[in-house]
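File shown: structure-v3.txt (compact mmCIF, C-alpha atoms).
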```
# COMPACT_ATOMS: atom_id res chain seq x y z
CA MET A 1 -2.78 -4.76 30.56
CA ARG A 2 -2.34 -6.26 27.09
CA VAL A 3 -3.94 -4.43 24.15
CA SER A 4 -4.12 -5.17 20.45
CA VAL A 5 -4.86 -2.12 18.32
CA THR A 6 -4.78 -1.66 14.57
CA VAL A 7 -3.22 1.71 13.81
CA ASN A 8 -3.05 2.95 10.23
CA GLY A 9 -3.62 -0.60 9.02
CA GLN A 10 -0.90 -2.21 11.14
CA ASN A 11 -1.64 -4.31 14.22
CA TYR A 12 0.22 -3.50 17.44
CA VAL A 13 0.20 -5.55 20.64
CA ARG A 14 1.54 -3.88 23.77
CA GLU A 15 1.50 -4.23 27.54
CA ILE A 16 0.32 -0.89 28.93
CA GLU A 17 -0.92 0.73 32.11
CA PRO A 18 -4.75 0.76 32.19
CA ARG A 19 -4.77 4.54 32.74
CA LEU A 20 -2.63 5.34 29.65
CA LEU A 21 -4.37 7.79 27.33
CA LEU A 22 -4.63 6.98 23.63
CA VAL A 23 -2.66 10.12 22.70
CA HIS A 24 0.28 8.90 24.82
CA PHE A 25 -0.02 5.35 23.49
CA LEU A 26 0.25 6.67 19.93
CA ARG A 27 3.06 9.10 20.64
CA ASP A 28 5.12 7.30 23.28
CA GLU A 29 4.48 3.61 22.63
CA LEU A 30 4.21 3.69 18.83
CA GLY A 31 6.28 6.78 18.00
CA LEU A 32 3.47 8.35 15.96
CA THR A 33 4.04 11.96 16.92
CA GLY A 34 1.79 13.47 14.25
CA THR A 35 -1.04 13.36 16.79
CA HIS A 36 -0.40 16.40 18.94
CA TRP A 37 -1.00 16.71 22.65
CA GLY A 38 -2.41 20.05 23.69
CA CYS A 39 -4.78 20.87 26.51
CA ASP A 40 -5.47 17.45 28.09
CA THR A 41 -9.07 18.60 28.66
CA SER A 42 -10.61 17.95 25.21
CA ASN A 43 -11.03 21.66 24.54
CA CYS A 44 -8.49 22.25 21.77
CA GLY A 45 -8.93 19.25 19.43
CA VAL A 46 -5.28 18.97 18.36
CA CYS A 47 -5.29 15.30 19.43
CA VAL A 48 -8.14 14.16 17.16
CA VAL A 49 -7.73 10.73 15.58
CA GLN A 50 -10.30 8.42 14.08
CA LEU A 51 -11.42 5.43 16.13
CA ASP A 52 -13.29 3.03 13.86
CA GLY A 53 -13.78 5.92 11.45
CA VAL A 54 -15.17 8.37 14.00
CA PRO A 55 -13.19 11.41 15.18
CA VAL A 56 -12.28 11.24 18.87
CA LYS A 57 -10.15 13.43 21.06
CA SER A 58 -7.40 10.99 22.00
CA CYS A 59 -6.59 12.90 25.20
CA THR A 60 -9.91 11.70 26.64
CA VAL A 61 -9.82 8.10 25.40
CA LEU A 62 -7.99 5.43 27.35
CA ALA A 63 -5.75 3.30 25.14
CA VAL A 64 -7.43 0.16 26.52
CA MET A 65 -10.69 1.42 25.02
CA ALA A 66 -9.06 1.06 21.57
CA ASP A 67 -8.30 -2.62 22.20
CA GLY A 68 -9.63 -4.58 19.24
CA HIS A 69 -10.41 -1.43 17.29
CA GLU A 70 -8.93 0.50 14.38
CA VAL A 71 -7.25 3.86 14.87
CA THR A 72 -6.28 6.19 12.04
CA THR A 73 -3.83 8.99 12.72
CA VAL A 74 -2.65 11.80 10.49
CA GLU A 75 0.23 9.56 9.40
CA GLY A 76 -2.35 7.19 7.95
CA LEU A 77 -3.88 9.74 5.58
CA GLU A 78 -1.08 9.55 3.02
CA LYS A 79 -1.39 6.55 0.69
CA ASP A 80 1.37 5.14 -1.51
CA GLY A 81 3.46 8.28 -1.19
CA GLU A 82 0.61 10.63 -2.15
CA LEU A 83 -0.95 13.09 0.23
CA ASP A 84 -4.65 12.80 0.93
CA PRO A 85 -6.71 15.53 -0.80
CA VAL A 86 -7.33 17.23 2.57
CA GLN A 87 -3.57 17.41 3.11
CA GLN A 88 -3.13 18.74 -0.42
CA GLY A 89 -5.86 21.33 0.21
CA PHE A 90 -4.09 22.61 3.32
CA VAL A 91 -0.93 23.05 1.25
CA GLN A 92 -2.68 24.66 -1.73
CA CYS A 93 -4.84 27.05 0.29
CA HIS A 94 -2.43 27.84 3.13
CA GLY A 95 -4.68 26.14 5.69
CA LEU A 96 -1.96 26.01 8.30
CA GLN A 97 0.36 28.45 9.93
CA CYS A 98 2.15 27.05 12.95
CA GLY A 99 0.76 23.57 12.22
CA PHE A 100 -0.10 22.64 15.80
CA CYS A 101 -3.83 22.23 15.17
CA THR A 102 -3.39 20.81 11.67
CA PRO A 103 -3.41 17.05 12.42
CA GLY A 104 -6.72 17.30 14.26
CA MET A 105 -8.18 19.55 11.57
CA LEU A 106 -7.08 17.11 8.87
CA MET A 107 -8.60 14.10 10.63
CA THR A 108 -11.90 15.89 11.14
CA ALA A 109 -11.92 17.18 7.57
CA ARG A 110 -11.32 13.65 6.24
CA TRP A 111 -14.23 12.36 8.33
CA LEU A 112 -16.48 15.16 7.09
CA LEU A 113 -15.69 14.55 3.42
CA ASP A 114 -16.17 10.80 3.85
CA ARG A 115 -19.69 11.48 5.16
CA ASN A 116 -20.53 14.57 3.10
CA PRO A 117 -18.50 14.94 -0.11
CA ASP A 118 -19.89 18.42 -0.86
CA PRO A 119 -20.15 20.35 2.42
CA ASP A 120 -20.98 24.03 2.38
CA GLU A 121 -19.11 26.57 4.48
CA GLY A 122 -21.50 26.24 7.41
CA GLU A 123 -21.19 22.48 7.49
CA ILE A 124 -17.40 22.72 7.40
CA ARG A 125 -17.36 25.27 10.20
CA GLU A 126 -19.68 23.10 12.29
CA ALA A 127 -17.51 20.00 11.72
CA ILE A 128 -14.32 21.77 12.83
CA SER A 129 -15.98 23.63 15.70
CA GLY A 130 -14.36 21.25 18.18
CA GLN A 131 -10.89 22.36 17.13
CA LEU A 132 -9.13 25.56 18.08
CA CYS A 133 -6.70 27.37 15.84
CA ARG A 134 -4.98 30.27 17.48
CA CYS A 135 -3.19 31.45 14.33
CA THR A 136 -5.91 31.84 11.70
CA GLY A 137 -9.41 33.13 11.35
CA TYR A 138 -10.35 29.70 9.94
CA GLU A 139 -10.94 31.18 6.45
CA ASN A 140 -8.04 29.31 4.86
CA ILE A 141 -8.92 26.13 6.74
CA VAL A 142 -12.47 26.25 5.35
CA ARG A 143 -11.06 27.03 1.88
CA SER A 144 -8.68 24.08 2.18
CA ILE A 145 -11.50 21.66 2.97
CA ARG A 146 -13.62 23.03 0.11
CA TRP A 147 -10.60 22.62 -2.21
CA ALA A 148 -10.31 18.97 -1.14
CA ALA A 149 -14.03 18.40 -1.74
CA GLU A 150 -13.79 19.90 -5.21
CA LYS A 151 -10.66 17.89 -6.02
CA GLU A 152 -12.33 14.64 -4.96
CA ALA A 153 -15.45 15.51 -7.00
CA SER A 154 -13.34 16.02 -10.11
CA VAL A 155 -11.67 12.60 -9.93
```

When written as structure tokens, how does the structure in this file appear?
Amino acid sequence: MRVSVTVNGQNYVREIEPRLLLVHFLRDELGLTGTHWGCDTSNCGVCVVQLDGVPVKSCTVLAVMADGHEVTTVEGLEKDGELDPVQQGFVQCHGLQCGFCTPGMLMTARWLLDRNPDPDEGEIREAISGQLCRCTGYENIVRSIRWAAEKEASV
């Protein structure tokens, strides 16, 4: 099946199997390995990307469902050589340890701040509740997202 998908601002046209998952399309067809593949059951959230600006778990979305749509991956957060504030926040506040959950956390955090530029701790925790981190107690992740919100407010 032929699909045309805009990923991180660039259009891609590929012939794919109808059953191919979006996570595998991104990783195997496009070489965008920043989107991680974890549980394959939508429980862990490491595969989160944005589909038309909305976070989706790419392990449960068929690539053909993205035909004609826009996908943003973690690789698309950085602009003109500068990290997105959520990426900067994870660096500044030690929001990652092993890094496996980080791409999904970053994509969800970016979505949250685009919708709510000043979230409180509860709102942040609710937004990331679909992602599992097995390394942290989420404190530094929440701090990282707050740091990004404060940085964006000061610009």

**OP:** Kindly indicate which residue among A:Leu113, A:Cys101, A:Val155, A:Ala149 lies nearest to A:Cys135, using all atoms listed in the file for the distances.
**Re:** A:Cys101

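Look at A:Phe100: the protein and nucleic acid residues within 12 Å of it, using only C-alpha atoms and passing over chain neighbours fewer than 4 places away, are Thr33, Gly34, Thr35, His36, Trp37, Gly38, Cys39, Cys44, Gly45, Val46, Cys47, Val48, Gly95, Leu96, Gly104, Met105, Leu106, Gln131, Leu132, Cys133, Arg134, Cys135 and Thr136 of chain A.
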
Original post:
Interatomic distance between atom CA of A:Tyr138 and atom CA of A:Val91?
Top reply: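 That distance, rounded to one decimal, is 14.4 Å.
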
**OP:** Might you pull out every residue within 9 Å of A:His94, with all atoms listed in the file counted and same-chain residues fewer than 5 positions away left off, and present them as a list in words?
**Re:** Gly89, Asn140, Ile141, Arg143 and Ser144 of chain A

**OP:** Pick out the closest residue to A:Val86 from this set: A:Glu123, A:Asp67, A:Asp28, A:Glu152. Count only C-alpha atoms.
**Re:** A:Glu152

Should you be able to, write stretch 59-74 of chain A of this structure into a file that contains all heavy atoms, as a PDB file, in the first residue's frame.
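result.pdb was written with the following content:
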```pdb
ATOM      1  N   CYS A  59       2.888   2.324  18.690  1.00  0.00           N
ATOM      2  CA  CYS A  59       2.825   0.858  18.610  1.00  0.00           C
ATOM      3  C   CYS A  59       1.401   0.366  18.426  1.00  0.00           C
ATOM      4  O   CYS A  59       1.178  -0.820  18.208  1.00  0.00           O
ATOM      5  CB  CYS A  59       3.457   0.204  19.838  1.00  0.00           C
ATOM      6  SG  CYS A  59       2.444   0.295  21.336  1.00  0.00           S
ATOM      7  N   THR A  60       0.431   1.285  18.500  1.00  0.00           N
ATOM      8  CA  THR A  60      -0.971   0.890  18.312  1.00  0.00           C
ATOM      9  C   THR A  60      -1.615   1.607  17.133  1.00  0.00           C
ATOM     10  O   THR A  60      -2.826   1.521  16.950  1.00  0.00           O
ATOM     11  CB  THR A  60      -1.800   1.160  19.586  1.00  0.00           C
ATOM     12  OG1 THR A  60      -1.762   2.558  19.865  1.00  0.00           O
ATOM     13  CG2 THR A  60      -1.282   0.367  20.760  1.00  0.00           C
ATOM     14  N   VAL A  61      -0.808   2.310  16.352  1.00  0.00           N
ATOM     15  CA  VAL A  61      -1.306   3.032  15.182  1.00  0.00           C
ATOM     16  C   VAL A  61      -0.696   2.392  13.942  1.00  0.00           C
ATOM     17  O   VAL A  61       0.528   2.233  13.852  1.00  0.00           O
ATOM     18  CB  VAL A  61      -0.911   4.529  15.244  1.00  0.00           C
ATOM     19  CG1 VAL A  61      -1.329   5.248  13.966  1.00  0.00           C
ATOM     20  CG2 VAL A  61      -1.509   5.197  16.472  1.00  0.00           C
ATOM     21  N   LEU A  62      -1.539   2.013  13.005  1.00  0.00           N
ATOM     22  CA  LEU A  62      -1.023   1.501  11.740  1.00  0.00           C
ATOM     23  C   LEU A  62      -0.447   2.654  10.939  1.00  0.00           C
ATOM     24  O   LEU A  62      -1.007   3.763  10.931  1.00  0.00           O
ATOM     25  CB  LEU A  62      -2.133   0.809  10.947  1.00  0.00           C
ATOM     26  CG  LEU A  62      -2.713  -0.454  11.568  1.00  0.00           C
ATOM     27  CD1 LEU A  62      -3.929  -0.915  10.786  1.00  0.00           C
ATOM     28  CD2 LEU A  62      -1.659  -1.551  11.632  1.00  0.00           C
ATOM     29  N   ALA A  63       0.649   2.415  10.258  1.00  0.00           N
ATOM     30  CA  ALA A  63       1.282   3.465   9.458  1.00  0.00           C
ATOM     31  C   ALA A  63       0.325   4.008   8.400  1.00  0.00           C
ATOM     32  O   ALA A  63       0.348   5.206   8.101  1.00  0.00           O
ATOM     33  CB  ALA A  63       2.560   2.934   8.820  1.00  0.00           C
ATOM     34  N   VAL A  64      -0.537   3.147   7.852  1.00  0.00           N
ATOM     35  CA  VAL A  64      -1.489   3.621   6.837  1.00  0.00           C
ATOM     36  C   VAL A  64      -2.472   4.642   7.420  1.00  0.00           C
ATOM     37  O   VAL A  64      -3.006   5.471   6.686  1.00  0.00           O
ATOM     38  CB  VAL A  64      -2.259   2.458   6.158  1.00  0.00           C
ATOM     39  CG1 VAL A  64      -1.307   1.559   5.392  1.00  0.00           C
ATOM     40  CG2 VAL A  64      -3.080   1.672   7.154  1.00  0.00           C
ATOM     41  N   MET A  65      -2.676   4.616   8.727  1.00  0.00           N
ATOM     42  CA  MET A  65      -3.552   5.587   9.362  1.00  0.00           C
ATOM     43  C   MET A  65      -2.922   6.982   9.382  1.00  0.00           C
ATOM     44  O   MET A  65      -3.622   7.989   9.552  1.00  0.00           O
ATOM     45  CB  MET A  65      -3.911   5.136  10.781  1.00  0.00           C
ATOM     46  CG  MET A  65      -4.725   3.859  10.805  1.00  0.00           C
ATOM     47  SD  MET A  65      -4.882   3.138  12.452  1.00  0.00           S
ATOM     48  CE  MET A  65      -6.004   4.282  13.216  1.00  0.00           C
ATOM     49  N   ALA A  66      -1.612   7.056   9.197  1.00  0.00           N
ATOM     50  CA  ALA A  66      -0.908   8.339   9.151  1.00  0.00           C
ATOM     51  C   ALA A  66      -0.839   8.901   7.736  1.00  0.00           C
ATOM     52  O   ALA A  66      -0.338  10.007   7.533  1.00  0.00           O
ATOM     53  CB  ALA A  66       0.497   8.174   9.725  1.00  0.00           C
ATOM     54  N   ASP A  67      -1.355   8.163   6.765  1.00  0.00           N
ATOM     55  CA  ASP A  67      -1.342   8.613   5.373  1.00  0.00           C
ATOM     56  C   ASP A  67      -2.050   9.966   5.268  1.00  0.00           C
ATOM     57  O   ASP A  67      -3.185  10.126   5.721  1.00  0.00           O
ATOM     58  CB  ASP A  67      -2.031   7.583   4.479  1.00  0.00           C
ATOM     59  CG  ASP A  67      -1.967   7.938   3.004  1.00  0.00           C
ATOM     60  OD1 ASP A  67      -0.930   8.480   2.565  1.00  0.00           O
ATOM     61  OD2 ASP A  67      -2.949   7.677   2.296  1.00  0.00           O
ATOM     62  N   GLY A  68      -1.338  10.946   4.709  1.00  0.00           N
ATOM     63  CA  GLY A  68      -1.912  12.277   4.557  1.00  0.00           C
ATOM     64  C   GLY A  68      -1.860  13.135   5.801  1.00  0.00           C
ATOM     65  O   GLY A  68      -2.391  14.239   5.821  1.00  0.00           O
ATOM     66  N   HIS A  69      -1.199  12.643   6.831  1.00  0.00           N
ATOM     67  CA  HIS A  69      -1.134  13.365   8.101  1.00  0.00           C
ATOM     68  C   HIS A  69       0.295  13.769   8.418  1.00  0.00           C
ATOM     69  O   HIS A  69       1.241  13.397   7.739  1.00  0.00           O
ATOM     70  CB  HIS A  69      -1.702  12.500   9.235  1.00  0.00           C
ATOM     71  CG  HIS A  69      -3.160  12.236   9.067  1.00  0.00           C
ATOM     72  ND1 HIS A  69      -4.127  13.104   9.476  1.00  0.00           N
ATOM     73  CD2 HIS A  69      -3.818  11.189   8.492  1.00  0.00           C
ATOM     74  CE1 HIS A  69      -5.322  12.612   9.188  1.00  0.00           C
ATOM     75  NE2 HIS A  69      -5.150  11.440   8.585  1.00  0.00           N
ATOM     76  N   GLU A  70       0.433  14.523   9.505  1.00  0.00           N
ATOM     77  CA  GLU A  70       1.736  15.004   9.951  1.00  0.00           C
ATOM     78  C   GLU A  70       2.126  14.305  11.252  1.00  0.00           C
ATOM     79  O   GLU A  70       1.352  14.288  12.209  1.00  0.00           O
ATOM     80  CB  GLU A  70       1.689  16.511  10.168  1.00  0.00           C
ATOM     81  CG  GLU A  70       3.044  17.102  10.466  1.00  0.00           C
ATOM     82  CD  GLU A  70       3.037  18.614  10.394  1.00  0.00           C
ATOM     83  OE1 GLU A  70       2.311  19.174   9.557  1.00  0.00           O
ATOM     84  OE2 GLU A  70       3.776  19.212  11.204  1.00  0.00           O
ATOM     85  N   VAL A  71       3.329  13.762  11.249  1.00  0.00           N
ATOM     86  CA  VAL A  71       3.875  13.087  12.423  1.00  0.00           C
ATOM     87  C   VAL A  71       5.084  13.878  12.903  1.00  0.00           C
ATOM     88  O   VAL A  71       5.923  14.293  12.101  1.00  0.00           O
ATOM     89  CB  VAL A  71       4.293  11.634  12.085  1.00  0.00           C
ATOM     90  CG1 VAL A  71       4.980  10.970  13.274  1.00  0.00           C
ATOM     91  CG2 VAL A  71       3.082  10.823  11.640  1.00  0.00           C
ATOM     92  N   THR A  72       5.160  14.077  14.196  1.00  0.00           N
ATOM     93  CA  THR A  72       6.358  14.691  14.790  1.00  0.00           C
ATOM     94  C   THR A  72       6.947  13.682  15.751  1.00  0.00           C
ATOM     95  O   THR A  72       6.253  13.145  16.612  1.00  0.00           O
ATOM     96  CB  THR A  72       6.014  15.995  15.543  1.00  0.00           C
ATOM     97  OG1 THR A  72       5.326  16.872  14.659  1.00  0.00           O
ATOM     98  CG2 THR A  72       7.285  16.673  16.052  1.00  0.00           C
ATOM     99  N   THR A  73       8.243  13.437  15.576  1.00  0.00           N
ATOM    100  CA  THR A  73       8.979  12.533  16.458  1.00  0.00           C
ATOM    101  C   THR A  73       9.923  13.350  17.321  1.00  0.00           C
ATOM    102  O   THR A  73      10.079  14.561  17.119  1.00  0.00           O
ATOM    103  CB  THR A  73       9.792  11.505  15.651  1.00  0.00           C
ATOM    104  OG1 THR A  73      10.864  12.184  14.991  1.00  0.00           O
ATOM    105  CG2 THR A  73       8.921  10.765  14.642  1.00  0.00           C
ATOM    106  N   VAL A  74      10.600  12.701  18.222  1.00  0.00           N
ATOM    107  CA  VAL A  74      11.542  13.394  19.092  1.00  0.00           C
ATOM    108  C   VAL A  74      12.633  14.084  18.280  1.00  0.00           C
ATOM    109  O   VAL A  74      13.124  15.147  18.663  1.00  0.00           O
ATOM    110  CB  VAL A  74      12.119  12.432  20.165  1.00  0.00           C
ATOM    111  CG1 VAL A  74      13.048  11.392  19.547  1.00  0.00           C
ATOM    112  CG2 VAL A  74      12.776  13.199  21.291  1.00  0.00           C
TER     113      VAL A  74
END
```
